[in-house]
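Here the structure is laid out as structure tokens; the discussion comes afterwards.
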Number of protein chains: 2
Amino acid sequence: MCTTPHPDARDAAERFLATNPGDPATYQRVAALEDDAVAMLGELAGLGDPTGYVASGGTEANIQAVRIARERADSPRPNVVVPESGHFSFQKAADVLEVELRLVPTDDDHRVDLEAVRASVDTDTALIVGVAGTTEYGRVDPIPELGRIADSVGALLHVDAAWGGFVLPFTDHEWHFGHAAVDTMAIDPHKMGQAAVPAGGLLARSDELLDELAVDTPYLESTAQATLTGTRSGAGVASAVAAMEALWPDGYREQYVRSQHNAEWLADALEKRGYEVVNPTLPLVAATVPRATFDALRAKGWRISRTATGELRVVCMPHVTREMLASFVGELDRLEVRASVPVASDD
Amino acid sequence: MCTTPHPDARDAAERFLATNPGDPATYQRVAALEDDAVAMLGELAGLGDPTGYVASGGTEANIQAVRIARERADSPRPNVVVPESGHFSFQKAADVLEVELRLVPTDDDHRVDLEAVRASVDTDTALIVGVAGTTEYGRVDPIPELGRIADSVGALLHVDAAWGGFVLPFTDHEWHFGHAAVDTMAIDPHKMGQAAVPAGGLLARSDELLDELAVDTPYLESTAQATLTGTRSGAGVASAVAAMEALWPDGYREQYVRSQHNAEWLADALEKRGYEVVNPTLPLVAATVPRATFDALRAKGWRISRTATGELRVVCMPHVTREMLASFVGELDRLEVRASVPVASDD
């Protein structure tokens with residue numbers, strides 16, 4: 001889910017390579033840029049007066065969201081309810097933070113099963129997670145309903161829009177702070193936002209939530225630090241701002257349309273060849289392809305991956321062009337023809 | 001404690017800006033570079049057959065060391081014994097990981113008080129931390145003795161050499177895996193190692209220790225991930241290797257000698273002016289300067305900071321030249337003269 005950074009983002013990253021937003025009183029220019037980044041992420045995510053920071057990526061943002069919820073929980077044994085379609089960083093968060101992870105199944109369309117969520121929550125539930133653009137199938141969970149369930153048990157609601165956040169503004173999905181009672185969100189400029197790594201994003205509805213993360217910082221001329229890491233990359237922050245300034249909203253809209261059409265083209269091409277395809281509601285295609293074919297494609301250098309159940313997974317990131325996909329399908333055809341012809345052998 | 005990256009490190013960072021060592025099966029070239037980085041860090045730190053990874057920085061490495069110790073502890077309420085001179089990331093680690101932090105005082109030379117360490121440990125102690133190059137005074141704790149105390153209670157020993165690790169090989173200090181029974185170490189290429197941020201380092205004595213951090217990774221073509229973050233910066237990894245290839249060992253030795261002489265020159269200049277100075281055993285000078293003078297220096301753009309007790313702190317990083325320090329002392333003289341002359345006023 002990484003991509004080539006936008007040229008402006010790359011330039012900015014190179015200019016700010018030797019700065020550290022982890023020490024904002026010393027690196028004031030990059031600290032001001034981080035405020036800009038958070039403001040722009042808030043605009044994308046329907047959050048006026050946003051608070052948050054540029055994280056190392058979605059994993060850090062997800063861990064921090066779970067941490068905020070753990071700190072606010074009354075329970076000595078808090079649990080976190082996460083769809084099975086949630087990113088493995090929630091497993092990492094549960095390990096690191098020692099909270100109970102309750103994985104909830106998804107329905108036939110790969111969205112979280114709301115009845116199962118209702119059955120999983122209790123008074124020890126600190127957080128419900130909804131995914132807005134799942135890693136495997138690009139699905140958006142029913143965020144407003146999850147918010148209502150969270151409210152019913154006094155839990156927080158976190159939305160993982162790490163991948164989806166930069167395409168969802170151009171769709172009809174309900175996914176953000178303006179649509180539902182979301183408390184925190186992961187939204188990564190370095191994925192669909194075309195910033196350079198590391199530029200993840202953590203947003204919170206209020207300072208009060210973010211303050212749960214604060215640790216005092218002696219010998220820095222700032223007084224507290226909410227990030228999970230210490231020294232951070234100014235390159236990530238500057239490149240996030242540069243990418244958003246260059247692309248929000250028109251450039252991102254055009255990219256979304258291109259990527260979505262590419263995904264639909266690929267899904268169609270695979271379906272025509274008899275593969276079982278998961279309909280791409282966002283620019284991400286999953287299809288049932290034999291394992292040997294998958295391995296052969298990777299061996300030929302295609303940067304593809306698999307879902308947990310073994311389907312081929314193609315993410316139509318900005319650097320992925322129609323020509324690339326056509327060449328990919330051509331390769332697939334050649335491999336499949338070869339696979340169906342018995343190999344002559346001396347053995 | 002950040003500095004200008006070495007030109008080779010900057011070039012490498014720019015070339016690898018769009019790669020992700022968090023997905024090693026896909027980004028194989030940067031994954032191979034990470035193996036090189038760990039091997040070279042092991043060479044610096046006296047550890048044959050090292051295991052570890054390029055972290056986002058010292059904070060992540062310190063958190064992960066505490067996490068390894070927590071996972072291995074038999075106790076349900078593990079504690080971690082850390083010198084008061086330890087970096088605030090240990091406070092962050094304790095908050096995140098919910099372990100008890102036992103801060104131990106330092107002696108008159110700002111090194112950890114061994115009697116106090118002995119009095120603090122018990123059978124619930126999971127980890128003892130020694131600092132090899134403290135953030136405030138550049139002191140090296142008695143690492144071999146700390147190792148013996150750790151052994152006596154079945155605790156692990158972590159050395160925080162995040163800043164010191166790239167200068168200590170050229171000194172007589174005992175600080176590394178070859179000198180003592182060290183289990184884990186933080187050693188940051190992006191500080192004295194002159195790599196680009198983010199390039200921290202976590203080393204461990206064995207795979208078994210690092211495996212405590214592993215989380216399964218579905219939909220990546222690698223099977224487990226030990227890092228705290230997910231997607232990571234290939235720029236940091238590539239630039240760490242480039243810096244170490246360019247500078248280890250002669251370039252680092254020359255830099256250490258330059259930096260150390262600079263620190264001694266500055267300490268001497270400050271002492272001559274009547275300030276109370278902490279003798280710089282590594283390239284870091286602390287001195288008692290009036291708060292108003294400190295604030296005036298920062299207002300003029302000097303990137304200085306203070307110790308917890310308010311002393312001026314000047315870190316002689318590679319970009320800090322003798323000319324810079326002479327200009328700094330000149331500025332200090334002008335400010336102090338001004339401060340000692342009563343200002344004529346109409347009030």
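Scheme for the structure tokens: letters A, B, ... for chains in order shown; per-chain residue numbers from 1; ligand numbers from 1 in order shown.
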Report the closest atom pair, with its distance in Å rounded to one decimal, for each residue of chain A that has an atom no farther than 8 Å from chain B; count only C-alpha atoms, sort by chain and then rising residue number, and write it as a tab-separated table.
```
residue	atom	partner	partner_atom	distance
A:Cys2	CA	B:Ala18	CA	7.5
A:Thr3	CA	B:Ala18	CA	6.7
A:Thr4	CA	B:Ala18	CA	5.7
A:Pro5	CA	B:Ala18	CA	6.8
A:Arg10	CA	B:Leu17	CA	7.9
A:Glu14	CA	B:Glu14	CA	6.7
A:Leu17	CA	B:Ala196	CA	6.5
A:Ala18	CA	B:Thr4	CA	5.8
A:Thr19	CA	B:Cys2	CA	7.8
A:Asn20	CA	B:Cys2	CA	7.6
A:Thr26	CA	B:Arg303	CA	6.1
A:Ser56	CA	B:Thr229	CA	6.9
A:Gly57	CA	B:Thr231	CA	6.3
A:Gly58	CA	B:Gly230	CA	7.4
A:Thr59	CA	B:Gly230	CA	5.4
A:Glu60	CA	B:Thr229	CA	5.8
A:Arg67	CA	B:Val96	CA	7.3
A:Phe88	CA	B:Thr217	CA	6.4
A:Ser89	CA	B:Gly230	CA	7.4
A:Gln91	CA	B:Val215	CA	7.3
A:Lys92	CA	B:Val215	CA	6.2
A:Val96	CA	B:Leu97	CA	6.2
A:Leu97	CA	B:Leu97	CA	5.6
A:Glu98	CA	B:Leu97	CA	7.5
A:Glu136	CA	B:Tyr219	CA	7.5
A:Ala196	CA	B:Leu17	CA	6.5
A:Val197	CA	B:Ser233	CA	5.4
A:Pro198	CA	B:Ser233	CA	5.8
A:Val215	CA	B:Lys92	CA	6.2
A:Asp216	CA	B:Phe88	CA	7.4
A:Thr217	CA	B:Phe88	CA	6.4
A:Pro218	CA	B:Ala308	CA	5.6
A:Tyr219	CA	B:Thr307	CA	5.0
A:Leu220	CA	B:Ser305	CA	6.2
A:Glu221	CA	B:Ser305	CA	6.3
A:Leu228	CA	B:Glu60	CA	7.6
A:Thr229	CA	B:Thr59	CA	5.5
A:Gly230	CA	B:Thr59	CA	5.4
A:Thr231	CA	B:Gly57	CA	6.3
A:Arg232	CA	B:Pro198	CA	6.5
A:Ser233	CA	B:Val197	CA	5.4
A:Arg303	CA	B:Thr26	CA	6.1
A:Ser305	CA	B:Tyr219	CA	5.9
A:Arg306	CA	B:Tyr219	CA	5.0
A:Thr307	CA	B:Tyr219	CA	5.0
A:Ala308	CA	B:Pro218	CA	5.6
```
Preceding selection exported with N, CA and C atoms as a compact mmCIF listing (two decimals), in the first residue's frame:
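Below is the file again21.txt, written as the result:
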```
# COMPACT_ATOMS: atom_id res chain seq x y z
N CYS A 2 2.14 1.09 -0.31
CA CYS A 2 3.02 2.24 -0.48
C CYS A 2 2.99 2.64 -1.95
N THR A 3 3.42 3.83 -2.24
CA THR A 3 3.43 4.27 -3.63
C THR A 3 4.56 5.27 -3.85
N THR A 4 4.74 5.67 -5.10
CA THR A 4 5.75 6.68 -5.42
C THR A 4 5.26 8.02 -4.89
N PRO A 5 6.09 8.74 -4.15
CA PRO A 5 5.62 10.04 -3.66
C PRO A 5 5.41 11.02 -4.81
N ARG A 10 8.32 14.57 -2.65
CA ARG A 10 9.71 14.10 -2.67
C ARG A 10 10.66 15.28 -2.43
N GLU A 14 13.20 15.79 0.80
CA GLU A 14 14.65 15.96 0.69
C GLU A 14 15.09 17.24 1.41
N LEU A 17 15.09 16.66 5.36
CA LEU A 17 15.67 15.39 5.81
C LEU A 17 16.36 15.51 7.17
N ALA A 18 16.90 16.68 7.48
CA ALA A 18 17.69 16.82 8.71
C ALA A 18 16.95 17.61 9.79
N THR A 19 15.63 17.55 9.79
CA THR A 19 14.87 18.24 10.84
C THR A 19 14.12 17.22 11.68
N ASN A 20 13.70 17.64 12.86
CA ASN A 20 13.10 16.72 13.82
C ASN A 20 11.87 17.33 14.48
N THR A 26 12.78 23.56 19.00
CA THR A 26 14.04 23.79 18.28
C THR A 26 13.81 23.83 16.77
N SER A 56 4.43 7.72 12.49
CA SER A 56 5.29 6.97 11.58
C SER A 56 4.48 6.17 10.57
N GLY A 57 3.19 5.95 10.87
CA GLY A 57 2.33 5.21 9.94
C GLY A 57 1.06 4.77 10.64
N GLY A 58 0.29 3.97 9.93
CA GLY A 58 -0.99 3.52 10.46
C GLY A 58 -0.84 2.65 11.70
N THR A 59 0.23 1.87 11.75
CA THR A 59 0.44 1.02 12.93
C THR A 59 0.57 1.87 14.18
N GLU A 60 1.42 2.90 14.13
CA GLU A 60 1.56 3.76 15.30
C GLU A 60 0.22 4.42 15.65
N ARG A 67 -4.23 2.90 22.90
CA ARG A 67 -3.64 3.39 24.15
C ARG A 67 -4.52 4.47 24.79
N PHE A 88 -3.37 -6.06 11.10
CA PHE A 88 -2.70 -6.81 12.16
C PHE A 88 -2.05 -5.90 13.21
N SER A 89 -2.00 -4.60 12.92
CA SER A 89 -1.47 -3.68 13.94
C SER A 89 -2.35 -3.66 15.20
N GLN A 91 -3.52 -6.37 16.55
CA GLN A 91 -2.94 -7.47 17.32
C GLN A 91 -1.67 -6.98 18.02
N LYS A 92 -0.87 -6.20 17.29
CA LYS A 92 0.35 -5.64 17.88
C LYS A 92 -0.01 -4.72 19.05
N VAL A 96 1.27 -5.17 22.86
CA VAL A 96 2.08 -4.14 23.50
C VAL A 96 1.35 -3.58 24.73
N LEU A 97 0.06 -3.31 24.57
CA LEU A 97 -0.69 -2.59 25.61
C LEU A 97 -1.40 -3.52 26.58
N GLU A 98 -1.30 -4.81 26.33
CA GLU A 98 -1.93 -5.81 27.19
C GLU A 98 -3.41 -5.55 27.41
N GLU A 136 -7.70 -5.91 3.04
CA GLU A 136 -7.84 -7.04 2.13
C GLU A 136 -8.83 -6.81 1.00
N ALA A 196 5.86 10.97 1.20
CA ALA A 196 6.96 10.02 1.40
C ALA A 196 6.83 9.36 2.78
N VAL A 197 7.21 8.11 2.87
CA VAL A 197 7.31 7.41 4.16
C VAL A 197 8.39 8.10 5.00
N PRO A 198 8.27 8.36 6.30
CA PRO A 198 7.14 8.01 7.15
C PRO A 198 6.20 9.19 7.38
N VAL A 215 3.80 12.50 27.58
CA VAL A 215 4.88 12.17 28.51
C VAL A 215 5.74 13.43 28.65
N ASP A 216 6.17 13.74 29.88
CA ASP A 216 7.02 14.92 30.08
C ASP A 216 8.34 14.77 29.33
N THR A 217 8.87 15.89 28.85
CA THR A 217 10.12 15.84 28.08
C THR A 217 11.16 16.78 28.68
N PRO A 218 11.91 16.33 29.66
CA PRO A 218 13.03 17.13 30.14
C PRO A 218 14.07 17.26 29.03
N TYR A 219 14.91 18.24 29.12
CA TYR A 219 15.98 18.60 28.17
C TYR A 219 15.54 18.77 26.73
N LEU A 220 14.23 18.84 26.48
CA LEU A 220 13.77 19.43 25.22
C LEU A 220 13.11 20.74 25.63
N GLU A 221 13.11 21.73 24.75
CA GLU A 221 12.52 23.01 25.11
C GLU A 221 11.01 23.03 24.88
N LEU A 228 4.49 8.17 19.88
CA LEU A 228 5.05 6.92 20.39
C LEU A 228 6.56 6.92 20.18
N THR A 229 7.02 7.51 19.10
CA THR A 229 8.45 7.63 18.85
C THR A 229 8.94 8.96 19.43
N GLY A 230 10.25 9.19 19.42
CA GLY A 230 10.81 10.42 19.98
C GLY A 230 11.26 11.34 18.86
N THR A 231 12.51 11.19 18.45
CA THR A 231 12.98 11.87 17.25
C THR A 231 12.11 11.39 16.10
N ARG A 232 11.68 12.33 15.26
CA ARG A 232 10.85 11.93 14.12
C ARG A 232 11.39 12.55 12.84
N SER A 233 10.86 12.07 11.74
CA SER A 233 11.35 12.53 10.44
C SER A 233 10.63 13.80 10.01
N ARG A 303 4.73 -7.06 -7.58
CA ARG A 303 4.57 -6.79 -6.15
C ARG A 303 3.13 -6.97 -5.72
N SER A 305 0.26 -9.35 -3.31
CA SER A 305 0.23 -10.08 -2.05
C SER A 305 -1.06 -10.87 -1.98
N ARG A 306 -1.26 -11.53 -0.86
CA ARG A 306 -2.44 -12.39 -0.73
C ARG A 306 -3.29 -11.99 0.48
N THR A 307 -4.56 -12.29 0.41
CA THR A 307 -5.41 -12.15 1.59
C THR A 307 -5.12 -13.33 2.52
N ALA A 308 -5.68 -13.24 3.74
CA ALA A 308 -5.45 -14.32 4.72
C ALA A 308 -5.96 -15.66 4.18
```
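Atom pair CA of Ala126 (chain B) / CA of Met40 (chain B): separated by 28.3 Å.
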### Task
Enumerate the residues of region 54-298 of chain B with a DSSP assignment of alpha helix (DSSP H), computed from the backbone, and present them as number ranges by chain.
B: 58-72, 89-97, 114-120, 143-152, 207-210, 234-247, 250-272, 291-298
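Here CA of Arg111 (chain A) and CA of Asp141 (chain A) stand 5.1 Å from one another.
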#### Entry: strand (DSSP E or B) residues, from DSSP on the backbone, in region 59-246 of chain B, as a PyMOL selection string
chain B and resi 79-83+100-104+106+112+125-132+140+156-160+184-186+200-204+215-216+224-225
Write out, as a CSV table (one decimal), in the first residue's frame, the residues just selected, with N, CA and C atoms.
```csv
chain,number,residue,atom,x,y,z
B,79,ASN,N,9.1,-5.0,37.2
B,79,ASN,CA,9.6,-3.6,37.3
B,79,ASN,C,10.9,-3.5,36.5
B,80,VAL,N,11.2,-2.3,36.2
B,80,VAL,CA,12.4,-1.9,35.4
B,80,VAL,C,13.2,-0.9,36.1
B,81,VAL,N,14.5,-1.2,36.3
B,81,VAL,CA,15.3,-0.3,37.1
B,81,VAL,C,16.2,0.6,36.2
B,82,VAL,N,16.0,1.9,36.3
B,82,VAL,CA,16.6,2.8,35.3
B,82,VAL,C,17.3,4.0,36.1
B,83,PRO,N,18.5,4.3,35.7
B,83,PRO,CA,19.1,5.5,36.3
B,83,PRO,C,18.3,6.8,36.1
B,100,GLU,N,6.3,-1.2,36.2
B,100,GLU,CA,6.8,-0.2,37.2
B,100,GLU,C,8.2,0.3,36.9
B,101,LEU,N,8.3,1.6,36.9
B,101,LEU,CA,9.6,2.2,36.6
B,101,LEU,C,10.3,2.6,38.0
B,102,ARG,N,11.4,2.0,38.2
B,102,ARG,CA,12.2,2.4,39.5
B,102,ARG,C,13.4,3.2,39.1
B,103,LEU,N,13.3,4.5,39.4
B,103,LEU,CA,14.4,5.4,39.0
B,103,LEU,C,15.4,5.4,40.2
B,104,VAL,N,16.7,5.3,39.8
B,104,VAL,CA,17.7,5.2,40.7
B,104,VAL,C,18.6,6.4,40.6
B,106,THR,N,21.9,9.0,40.6
B,106,THR,CA,23.3,9.0,40.1
B,106,THR,C,24.2,9.5,41.2
B,112,VAL,N,25.3,6.1,37.4
B,112,VAL,CA,24.3,5.5,38.3
B,112,VAL,C,25.0,5.0,39.6
B,125,THR,N,12.2,-7.8,39.2
B,125,THR,CA,12.9,-6.9,38.3
B,125,THR,C,13.1,-7.7,37.0
B,126,ALA,N,12.6,-7.1,35.9
B,126,ALA,CA,12.7,-7.7,34.6
B,126,ALA,C,13.9,-7.2,33.8
B,127,LEU,N,14.3,-6.0,34.1
B,127,LEU,CA,15.3,-5.3,33.3
B,127,LEU,C,16.0,-4.3,34.2
B,128,ILE,N,17.4,-4.2,34.0
B,128,ILE,CA,18.2,-3.1,34.4
B,128,ILE,C,18.7,-2.4,33.2
B,129,VAL,N,18.6,-1.1,33.3
B,129,VAL,CA,19.1,-0.2,32.2
B,129,VAL,C,20.3,0.5,32.6
B,130,GLY,N,21.3,0.4,31.7
B,130,GLY,CA,22.6,1.2,31.9
B,130,GLY,C,22.6,2.2,30.7
B,131,VAL,N,23.1,3.4,30.9
B,131,VAL,CA,23.2,4.3,29.8
B,131,VAL,C,24.7,4.5,29.5
B,132,ALA,N,25.0,4.4,28.2
B,132,ALA,CA,26.3,4.5,27.7
B,132,ALA,C,26.4,5.8,26.9
B,140,VAL,N,28.9,7.4,31.1
B,140,VAL,CA,28.8,6.0,30.8
B,140,VAL,C,28.6,5.3,32.2
B,156,LEU,N,17.2,-9.0,32.7
B,156,LEU,CA,18.0,-8.7,31.5
B,156,LEU,C,18.7,-7.4,31.7
B,157,LEU,N,19.7,-7.1,30.9
B,157,LEU,CA,20.4,-5.9,30.9
B,157,LEU,C,20.3,-5.2,29.6
B,158,HIS,N,19.8,-4.0,29.6
B,158,HIS,CA,19.7,-3.2,28.3
B,158,HIS,C,20.7,-2.0,28.4
B,159,VAL,N,21.4,-1.7,27.4
B,159,VAL,CA,22.3,-0.6,27.3
B,159,VAL,C,21.7,0.4,26.3
B,160,ASP,N,21.5,1.6,26.8
B,160,ASP,CA,21.1,2.7,25.9
B,160,ASP,C,22.3,3.5,25.5
B,184,THR,N,20.3,-6.5,25.3
B,184,THR,CA,19.8,-5.6,24.3
B,184,THR,C,20.5,-4.3,24.3
B,185,MET,N,20.5,-3.6,23.2
B,185,MET,CA,21.1,-2.3,23.1
B,185,MET,C,20.4,-1.3,22.1
B,186,ALA,N,20.3,-0.1,22.5
B,186,ALA,CA,19.8,1.0,21.5
B,186,ALA,C,21.1,1.7,21.0
B,200,GLY,N,17.2,4.6,13.8
B,200,GLY,CA,17.7,4.1,15.1
B,200,GLY,C,18.1,2.7,15.0
B,201,GLY,N,18.6,2.1,16.1
B,201,GLY,CA,19.0,0.7,16.0
B,201,GLY,C,18.7,0.0,17.3
B,202,LEU,N,18.1,-1.2,17.1
B,202,LEU,CA,17.9,-2.1,18.3
B,202,LEU,C,18.7,-3.4,18.0
B,203,LEU,N,19.6,-3.7,18.9
B,203,LEU,CA,20.4,-5.0,18.8
B,203,LEU,C,20.0,-5.9,19.9
B,204,ALA,N,20.0,-7.2,19.7
B,204,ALA,CA,19.7,-8.2,20.7
B,204,ALA,C,20.7,-9.3,20.6
B,215,VAL,N,5.0,-10.4,15.8
B,215,VAL,CA,3.5,-10.4,15.5
B,215,VAL,C,3.3,-11.0,14.1
B,216,ASP,N,2.3,-11.9,14.0
B,216,ASP,CA,2.1,-12.5,12.7
B,216,ASP,C,1.6,-11.4,11.7
B,224,ALA,N,6.3,-12.6,9.9
B,224,ALA,CA,6.2,-12.0,11.2
B,224,ALA,C,6.9,-10.7,11.2
B,225,GLN,N,6.6,-9.8,12.2
B,225,GLN,CA,7.2,-8.5,12.2
B,225,GLN,C,7.5,-8.2,13.7
```
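Relative to CA of Ala292 (chain A), CA of Gly330 (chain A) is found at 16.5 Å.
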### Task
Write out as a ChimeraX atom specification which residues come within 12 Å of Thr123 (chain A) when counting only C-alpha atoms, dropping same-chain ones fewer than 6 positions away.
/A:73-81,149-156
### Task
Excluding region 277-291 of chain A and residues on its chain fewer than 3 positions from it, collect all residues at most 6 Å away from it, counting only C-alpha atoms, and give them as a PyMOL selection string.
chain A and resi 138+259-260+263+294+311-316
Dump as a PDB file, in the first residue's frame, selection limited to N, CA, C and O atoms:
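This is the output file selection.pdb:
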```pdb
ATOM      1  N   GLY A 138     -10.868  -3.631   0.758  1.00  0.00           N
ATOM      2  CA  GLY A 138     -11.259  -2.236   0.555  1.00  0.00           C
ATOM      3  C   GLY A 138     -12.683  -1.920   0.999  1.00  0.00           C
ATOM      4  O   GLY A 138     -13.335  -1.042   0.443  1.00  0.00           O
ATOM      5  N   SER A 259      -7.693   5.371 -10.317  1.00  0.00           N
ATOM      6  CA  SER A 259      -7.423   4.115  -9.600  1.00  0.00           C
ATOM      7  C   SER A 259      -8.658   3.224  -9.573  1.00  0.00           C
ATOM      8  O   SER A 259      -8.562   2.000  -9.742  1.00  0.00           O
ATOM      9  N   GLN A 260      -9.814   3.839  -9.362  1.00  0.00           N
ATOM     10  CA  GLN A 260     -11.052   3.053  -9.285  1.00  0.00           C
ATOM     11  C   GLN A 260     -11.367   2.417 -10.647  1.00  0.00           C
ATOM     12  O   GLN A 260     -11.726   1.247 -10.715  1.00  0.00           O
ATOM     13  N   ALA A 263      -9.103  -0.472 -11.122  1.00  0.00           N
ATOM     14  CA  ALA A 263      -9.522  -1.634 -10.322  1.00  0.00           C
ATOM     15  C   ALA A 263     -10.683  -2.345 -11.010  1.00  0.00           C
ATOM     16  O   ALA A 263     -10.717  -3.584 -11.092  1.00  0.00           O
ATOM     17  N   PHE A 294       0.236 -17.553  -8.469  1.00  0.00           N
ATOM     18  CA  PHE A 294       0.619 -16.421  -7.622  1.00  0.00           C
ATOM     19  C   PHE A 294       2.139 -16.418  -7.413  1.00  0.00           C
ATOM     20  O   PHE A 294       2.801 -15.397  -7.590  1.00  0.00           O
ATOM     21  N   GLU A 311      -6.345 -15.368  -1.443  1.00  0.00           N
ATOM     22  CA  GLU A 311      -6.669 -14.733  -2.727  1.00  0.00           C
ATOM     23  C   GLU A 311      -5.541 -13.780  -3.152  1.00  0.00           C
ATOM     24  O   GLU A 311      -4.907 -13.143  -2.312  1.00  0.00           O
ATOM     25  N   LEU A 312      -5.362 -13.669  -4.463  1.00  0.00           N
ATOM     26  CA  LEU A 312      -4.496 -12.634  -5.026  1.00  0.00           C
ATOM     27  C   LEU A 312      -5.081 -11.270  -4.652  1.00  0.00           C
ATOM     28  O   LEU A 312      -6.302 -11.095  -4.672  1.00  0.00           O
ATOM     29  N   ARG A 313      -4.195 -10.322  -4.334  1.00  0.00           N
ATOM     30  CA  ARG A 313      -4.659  -8.995  -3.910  1.00  0.00           C
ATOM     31  C   ARG A 313      -3.838  -7.963  -4.677  1.00  0.00           C
ATOM     32  O   ARG A 313      -2.609  -7.959  -4.600  1.00  0.00           O
ATOM     33  N   VAL A 314      -4.528  -7.136  -5.446  1.00  0.00           N
ATOM     34  CA  VAL A 314      -3.856  -6.086  -6.216  1.00  0.00           C
ATOM     35  C   VAL A 314      -4.400  -4.734  -5.757  1.00  0.00           C
ATOM     36  O   VAL A 314      -5.605  -4.460  -5.876  1.00  0.00           O
ATOM     37  N   VAL A 315      -3.527  -3.896  -5.183  1.00  0.00           N
ATOM     38  CA  VAL A 315      -3.943  -2.572  -4.712  1.00  0.00           C
ATOM     39  C   VAL A 315      -3.618  -1.571  -5.819  1.00  0.00           C
ATOM     40  O   VAL A 315      -2.458  -1.444  -6.212  1.00  0.00           O
ATOM     41  N   CYS A 316      -4.638  -0.892  -6.326  1.00  0.00           N
ATOM     42  CA  CYS A 316      -4.413   0.052  -7.423  1.00  0.00           C
ATOM     43  C   CYS A 316      -3.956   1.407  -6.873  1.00  0.00           C
ATOM     44  O   CYS A 316      -4.717   2.379  -6.851  1.00  0.00           O
TER      45      CYS A 316
END
```
### Query
In terms of the shortest atom-to-atom distance over only C-alpha atoms, which of A:Thr171, A:Ser85, A:Ser206, A:Ser120 is closest to Thr51 (chain A)?
A:Ser206
